[in-house]
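Inspection log for the structure reproduced underneath, given as structure tokens.
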Amino acid sequence: MKPRLGAVPPYLNTQPLVVALERDPATFALSYLVPSRCARELADGTIDVGIIPAIEYARSARPYWIVPDIAIGSQGPVMTVRLFCRRPLPQVERIALDTSSRTSVALLSILLREKFALDPQLIEAPPDLEAMLECADAALLIGDQVFPHLDGKLKSLDLGREWTAMTGLPFVFAFWAGHQQALTPAHVQQLQRAKDQGLCQVPSIAAAYSRECGGSPEFYERYLTHHIRFDLDEAAQAGLRLFYQLAHRYGLIDAVPSLRFYPAV
């Protein structure tokens, strides 16, 4: 049986990881789910491996294994994980959260307390910025839906920038992870090749996204090459471990997990 993969819907920052898999469906059964649902379906066994929020790796009751050398992260400004504010941050008392990425919610909670010494009320809301700001002083928005709001009309905080400014390390938002026996070394190598092939196709990915959604291909290409980091190297792993340590400090996870990797050979 082919391993069942759960990938994020065709958000721009996941396309380099999956575009080659879409064109070669023989090895994997690929389905698209938002990150939080990927985590749920991985937990209940509906899928074998998924692109899951980094925080869910630590929250799982069952141990997962990580596909090495692949992640969705940033080092500095990530651009598409932002806190939009209608008043100065020290005056923010209530924040509406887009919960489709639980890692971003956890990162915001850590930054508010560790860097800014703030503890506002956090509420969940559908990812509609205007509606979110009607019921809160600030709103956390993630992913492609951030692009239309980068015109500077609202003050915003880039969470990737704030993390790296605080720690000097990359931040890891998500990665491929799954059940221990789900992938062979050959499967791992194929996922790694798919990433490499996808990164070679960034110009065409950006052009296709531009045709579908508007905006310039150059803008989207720069986003994928200068803002999103697709490696899970030693620096990214150090950032991930620190994230887990801080998440544990603030009660967001019960324990700091070790990083377990599928063998690639």
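Each chain in the structure tokens gets a letter, A, B and so on, in the order shown; residues start at 1 in every chain, and ligands are counted from 1 in the order they appear.
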I'd like a table as JSON lines: residues in stretch 144-212 of chain A with an atom no more than 6 Å from stretch 229-245 of chain A, each row giving the shortest atom pair and its distance in Å to one decimal, only C-alpha atoms counted, sorted by chain and rising residue number.
```
{"residue": "A:Leu169", "atom": "CA", "partner": "A:Gly239", "partner_atom": "CA", "distance": 5.2}
{"residue": "A:Pro170", "atom": "CA", "partner": "A:Ala236", "partner_atom": "CA", "distance": 5.3}
{"residue": "A:Phe171", "atom": "CA", "partner": "A:Gly239", "partner_atom": "CA", "distance": 5.6}
{"residue": "A:Val172", "atom": "CA", "partner": "A:Leu240", "partner_atom": "CA", "distance": 6.0}
```
Would you give me, as a PyMOL selection string, the residues in stretch 95-194 of chain A that DSSP reads as helix (DSSP H, G or I)?
-> chain A and resi 102-114+129-135+143-149+159-167+185-194
Write the residues of the preceding selection, restricted to C-alpha atoms, as a compact mmCIF listing (two decimals), in the first residue's frame.
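Below is the file again.txt, written as the result:
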```txt
# COMPACT_ATOMS: atom_id res chain seq x y z
CA ARG A 102 -1.26 26.08 15.86
CA THR A 103 2.49 26.64 15.74
CA SER A 104 1.95 30.30 14.86
CA VAL A 105 -0.45 30.64 17.79
CA ALA A 106 2.12 29.08 20.11
CA LEU A 107 4.87 31.32 18.72
CA LEU A 108 2.73 34.39 19.32
CA SER A 109 2.03 33.30 22.89
CA ILE A 110 5.75 32.86 23.53
CA LEU A 111 6.74 36.19 21.99
CA LEU A 112 4.05 38.09 23.89
CA ARG A 113 5.31 36.78 27.22
CA GLU A 114 9.03 36.24 26.65
CA LEU A 129 -8.97 40.35 9.07
CA GLU A 130 -11.68 43.02 9.01
CA ALA A 131 -14.05 40.91 11.10
CA MET A 132 -11.26 39.89 13.47
CA LEU A 133 -10.36 43.50 14.16
CA GLU A 134 -13.99 44.34 14.87
CA CYS A 135 -13.93 42.04 17.90
CA GLY A 143 -0.48 32.14 5.00
CA ASP A 144 -1.54 33.43 1.62
CA GLN A 145 -4.38 35.48 3.07
CA VAL A 146 -1.75 37.87 4.46
CA PHE A 147 -0.63 39.01 0.98
CA PRO A 148 -3.54 41.43 0.34
CA HIS A 149 -2.84 43.20 3.64
CA LEU A 159 6.54 36.87 13.96
CA GLY A 160 9.46 35.36 12.07
CA ARG A 161 11.38 38.61 12.36
CA GLU A 162 10.62 38.89 16.07
CA TRP A 163 11.72 35.31 16.79
CA THR A 164 15.06 35.66 15.02
CA ALA A 165 15.66 39.08 16.60
CA MET A 166 15.08 37.51 20.02
CA THR A 167 17.01 34.26 19.52
CA PRO A 185 14.58 5.12 3.36
CA ALA A 186 13.57 5.09 -0.31
CA HIS A 187 10.39 7.02 0.54
CA VAL A 188 12.42 9.53 2.54
CA GLN A 189 14.81 10.04 -0.35
CA GLN A 190 11.89 10.59 -2.71
CA LEU A 191 10.44 13.30 -0.48
CA GLN A 192 13.86 14.95 -0.31
CA ARG A 193 14.21 14.79 -4.10
CA ALA A 194 10.73 16.26 -4.44
```
A:Val49, A:Ile55, A:Ala206, A:Leu150: which is nearest A:Ser36, counting only C-alpha atoms?
->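 Of the candidates, the smallest distance to A:Ser36 is held by A:Ile55.
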Using DSSP on the backbone coordinates, identify the residues of stretch 89-121 of chain A assigned to strand (DSSP E); present them as JSON, numbers by chain.
-> {"A": [94, 95, 96, 97, 121]}
Restricted to N, CA and C atoms, what would the selected residues look like written as a PDB file, in the first residue's frame?
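The resulting file, out_21.pdb, is reproduced below:
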```
ATOM      1  N   ARG A  94      -6.848  42.268  23.627  1.00  0.00           N
ATOM      2  CA  ARG A  94      -7.600  41.130  23.087  1.00  0.00           C
ATOM      3  C   ARG A  94      -7.090  40.853  21.673  1.00  0.00           C
ATOM      4  N   ILE A  95      -6.718  39.605  21.394  1.00  0.00           N
ATOM      5  CA  ILE A  95      -6.184  39.222  20.088  1.00  0.00           C
ATOM      6  C   ILE A  95      -7.033  38.106  19.500  1.00  0.00           C
ATOM      7  N   ALA A  96      -7.465  38.292  18.254  1.00  0.00           N
ATOM      8  CA  ALA A  96      -8.190  37.255  17.520  1.00  0.00           C
ATOM      9  C   ALA A  96      -7.176  36.389  16.777  1.00  0.00           C
ATOM     10  N   LEU A  97      -7.370  35.077  16.843  1.00  0.00           N
ATOM     11  CA  LEU A  97      -6.398  34.130  16.311  1.00  0.00           C
ATOM     12  C   LEU A  97      -6.961  33.354  15.133  1.00  0.00           C
ATOM     13  N   GLN A 121      -5.873  38.717  26.282  1.00  0.00           N
ATOM     14  CA  GLN A 121      -6.843  37.650  26.047  1.00  0.00           C
ATOM     15  C   GLN A 121      -6.727  37.188  24.597  1.00  0.00           C
TER      16      GLN A 121
END
```
From the list A:Pro16, A:Pro90, A:Pro77, A:Pro53, the nearest residue to A:Asp158 using only C-alpha atoms is A:Pro77
Identify which of the residues A:Gly73, A:Gly50, A:Pro35, A:Pro3 lies closest to A:Trp176, counting only C-alpha atoms when measuring atom-to-atom distances.
-> A:Gly50
